Amino acid sequence: MTLEVTITKRLPDFTLDVSLATDNKPLAILGPSGAGKSMLFRCIAGLERPDAGRIVLNDRILFDSRQRIQLPARERRVGMLFQHYALFPHRTVAENILFGLSQRGREEQLKRLAAAIESTHIAGLEHRYPRELSGGEQQRAALARALAIEPEALLLDEPLSALDTHLRSQMEAQLQEVFAGYERPSLLVTHNIEEAYRLGKHLLVLVRGRVAAFGDKEEVFRRPPSLEVARITGCKNFSHARALSPNVVEAVDWGCQLQVAGAIPEALAYVGIRAHHIDFTEASSSAASENNVFPCWLVRSSETPFRITLFLSIHHPPNGLGDYQLQVEVFKEKWQRFRDRPLPWHVRLSPESLLPLAE
Amino acid sequence: MLPVAALTLIADPIDWSPLWISLATSVTATLVTLVLGVAAAAWRERRGGAGVAVVDGIFLLPLVLPPTVVGFFLLLLFGRQGPLGKVLLRLGTSLVFSWPATVIAAAVISFPLMYLTSLAAIEQVDRHYLQAARTLGASEWRVFREVTLPLAWPGVLAGAILSFARALGEFGATLMIAGNIPGRTATIPIAIYFAVEADDIQRAMVWCAVDVAISLMLLGSLYYWTHAQVPGRARWGRR
C-alpha cells in the first residue's frame, strides 16, 4: 500500500512543488498556514488539477499529466476529512454515512454503516442532524463517513484545529486508534507541532509550496536541515553562525564560540538551540572556563501553568526588556530551586543540543 | 371592506375567467422558469470567463427591457413570418393570440428573477459539501440533486414565488403576443386595463382587490420562506 505524489501547481503567491511517497504509516504534514497543505490534499483527492506531475495510489494512476490521466474525485477512492467536517446539514448522521454507500446492496450498506458507527463510537447519534451534534461528535461522524467507503488512502485536513483542548486529546486518541487499524496510506495536515509529532510516523515540512524537510519525524526534529524547518518544528533560539573549525562555530549574534557535536553543514548559516534544551549549571568559579557555558541575566519571564519561559541576556546585564539573546523553557519546580540565587546565573548550551543550520 | 362592498355592487354576474386564466398561466410559467432557471443557474455556476457575461446579459435582458419590447421580439419570433412561427405553421398550429402565448410571455418576463435568485442560492452553498460528496463517489448529477439543490432550496423557492408574482402581474408582453381574448388570453391585468378603458370602474376595482389579495399571500409566503425557514430557526434538526 503506497501513495506516490509528484506534482507542481502554480498558485497566486507561489508554486506548489511537492514530491512525496508514503506507506501504511501515517504521514504528518506540518507547515504554516498558506503553505499549500490543503491544496496538496485537494490535488490528491481530485478536487483540484495540478499543472503537471503524477499521483499513484497502489499502482492505480490517479493523475498523470504526460499520459493525460485525470481520474475524477468520485473514482479515486481517497477518503477525506475536511477541516470543518462538511457533514451534509440536511441529512442525519446515518444518511451522511450511507451517502457514500449508494452503489452497494442493502445488506452491505447496513453492515458497513454499523461497522463505521462502531469504530468511531457514535452509536446512538445515527438519527441526529449535524446541527444537533457537538464538535467532537461531528468529527467522529465525518470520520465514520470517510471510513465507510473503505478508501484506499485517507486525508485528514486539520482534523483537530476546530476542537477545544479537552476534546483535542480525546480525538487524538481516536485518530491514533483509526491509524492503528487502518493499514493504508494516511496523511494528516496540521500546523500544530505536537499534534504532528504524536500522530505522524513520518513528517513532511511544507513551506511556501516546497518540501523543506521529509523523513522520519524523530530525525526531522533532531536534525532539522534548515533555519525554517527548525523554526517550524518549534526551535526558538537562533544566531547567525560561521564555522571556525570542524567542531567549533562562532555564534555571531550571541557573541561567543560554541563546540558542536556532529557534522557542520557546508552551507552553515545559523546555529540554533531549542528552548527546553538549555541547561542551567551550578554557578561556580570554574563554570565560566567550561565549554559552552556563559553567564546570563534574567530580562523577563512568561508563565504557563506548568512551565516558565525565561528571556536571558548573556555576557552582560540587559539594557531594557528587549535586550535578550536566549529563551529558556523550564518546569516550574526547577525554576523554584534557582529563582532566588544571585545573578548572573550560568547557562550551558550543550554541543549535542546545538543545531547547525543551513539558510 | 371595499372589495366586498364592490363585489355586492356589481349588478351583472362577474366573469371569473381572468382569475383562472391568470392562475393557470402563472403556475405553468413558474413551473417552466423553475426548471429552466435552475438549470441555467446550475450551468452558469460551474462556468467562468468572458463568455459568461454575454450569456448573463441575454438571460437578464427581459428584466431591464420594457415588457412591450420583449413582447414585440416574441411576436417577431412566433409570428407568421418569424422563424419559430414558420415551423409551428408547418405543423399546423400557431401560438400567437392563444393561451400558450400568455405562458410564453409570463415565463420569458419572469425568467430573470428565477435565474438570479437561484444562482445566488446555489452560489451560497458551501463548496466543501460538494467536494465531500465527490470524494464519497457521487456523480455530478447526484451531487446536484442530493446536495446542491436541497441546500439551495429555500432560495430557489423564494425565486419561484417572485417569478410567480411577476408572472401574475405580466401585462405588456402578454398584450403584444396574446392579446385580449376574453375566456382565453385575458388575464387579470388585461381585464383591469380593458375594464378601465370601458369605464367599468367597479369591475376594475374587483380585479384590483383580487390582485392585492393574491400579492399579499405571496409576500406572506415569501417572508415565511426567507425568514422562518433559514438556518438559525429550526431547520434540519432541533437545536
# chains A, B, ... in the order shown; residues from 1 in each chain; ligands from 1
call {"tool": "interface_residues", "arguments": {"of": "chain A", "to": "chain B", "cutoff": "8 Å", "atoms": "only C-alpha atoms", "output": "ChimeraX atom specification"}}
result
/A:45-47,73-80,82,86-91,99-100,128-132,146,149
call {"tool": "residues_around", "arguments": {"residues": "Gly179 of chain B", "least_positions_apart": "2", "cutoff": "9 Å", "atoms": "only C-alpha atoms", "output": "ChimeraX atom specification"}}
result
/B:96-98,102,174-177,181,185-186,190
call {"tool": "atom_distance", "arguments": {"atom1": "atom CA of Ala209 of chain B", "atom2": "atom CA of Glu170 of chain B"}}
result
16.5 Å
call {"tool": "atom_distance", "arguments": {"atom1": "atom CA of Gln83 of chain A", "atom2": "atom CA of Thr8 of chain A"}}
result
23.1 Å
call {"tool": "residues_around", "arguments": {"residues": "Gly79 of chain B", "least_positions_apart": "2", "cutoff": "12 Å", "atoms": "only C-alpha atoms", "output": "list in words"}}
result
Gly71, Phe72, Phe73, Leu74, Leu75, Leu76, Leu77, Gln81, Gly82, Pro83, Leu84, Gly85, Lys86, Val87, Leu88, Leu89, Thr93, Ser94, Leu95, Val96, Phe97, Ser98, Ala101, Met176, Ile177 and Ala178 of chain B
call {"tool": "residues_around", "arguments": {"residues": "segment 302-305 of chain A", "least_positions_apart": "5", "cutoff": "12 Å", "atoms": "only C-alpha atoms", "output": "PyMOL selection string"}}
result
chain A and resi 310-312+327-333+335
call {"tool": "closest_residue", "arguments": {"among": "B:Ala152, B:Ala29, B:Thr187, B:Ile161", "to": "Met217 of chain B", "atoms": "only C-alpha atoms"}}
result
B:Ile161
call {"tool": "residues_around", "arguments": {"residues": "Gly209 of chain A", "least_positions_apart": "4", "cutoff": "8 Å", "atoms": "only C-alpha atoms", "output": "MDAnalysis selection string"}}
result
chainID A and resid 14:18 35:37
call {"tool": "select_by_dssp", "arguments": {"residues": "segment 287-343 of chain A", "states": "strand (DSSP E)", "output": "list in words"}}
result
Val293, Phe294, Pro295, Cys296, Trp297, Leu298, Val299, Arg300, Ser301, Ser302, Glu303, Arg307, Ile308, Thr309, Leu310, Phe311, Leu312, Ser313, Ile314, Leu326, Gln327, Val328, Glu329, Val330 and Phe331 of chain A
call {"tool": "residues_around", "arguments": {"residues": "Leu116 of chain B", "least_positions_apart": "6", "cutoff": "12 Å", "atoms": "only C-alpha atoms", "output": "list in words"}}
result
Thr33, Leu34, Leu36, Gly37, Val38, Ala39, Ala40, Ala41, Ala42, Arg44, Glu45, Asp56, Gly57, Phe59, Leu60, Leu61, Leu63, Ser110, Ile122, Glu123, Gly155, Val156, Ala158, Gly159, Ala160, Leu162 and Ser163 of chain B
call {"tool": "closest_residue", "arguments": {"among": "B:Val70, B:Val52, B:Ala165, B:Ala107", "to": "Leu216 of chain B", "atoms": "only C-alpha atoms"}}
result
B:Ala165
call {"tool": "closest_residue", "arguments": {"among": "A:Ala162, A:Val271, A:Val260, A:Cys43", "to": "Pro72 of chain A", "atoms": "only C-alpha atoms"}}
result
A:Cys43
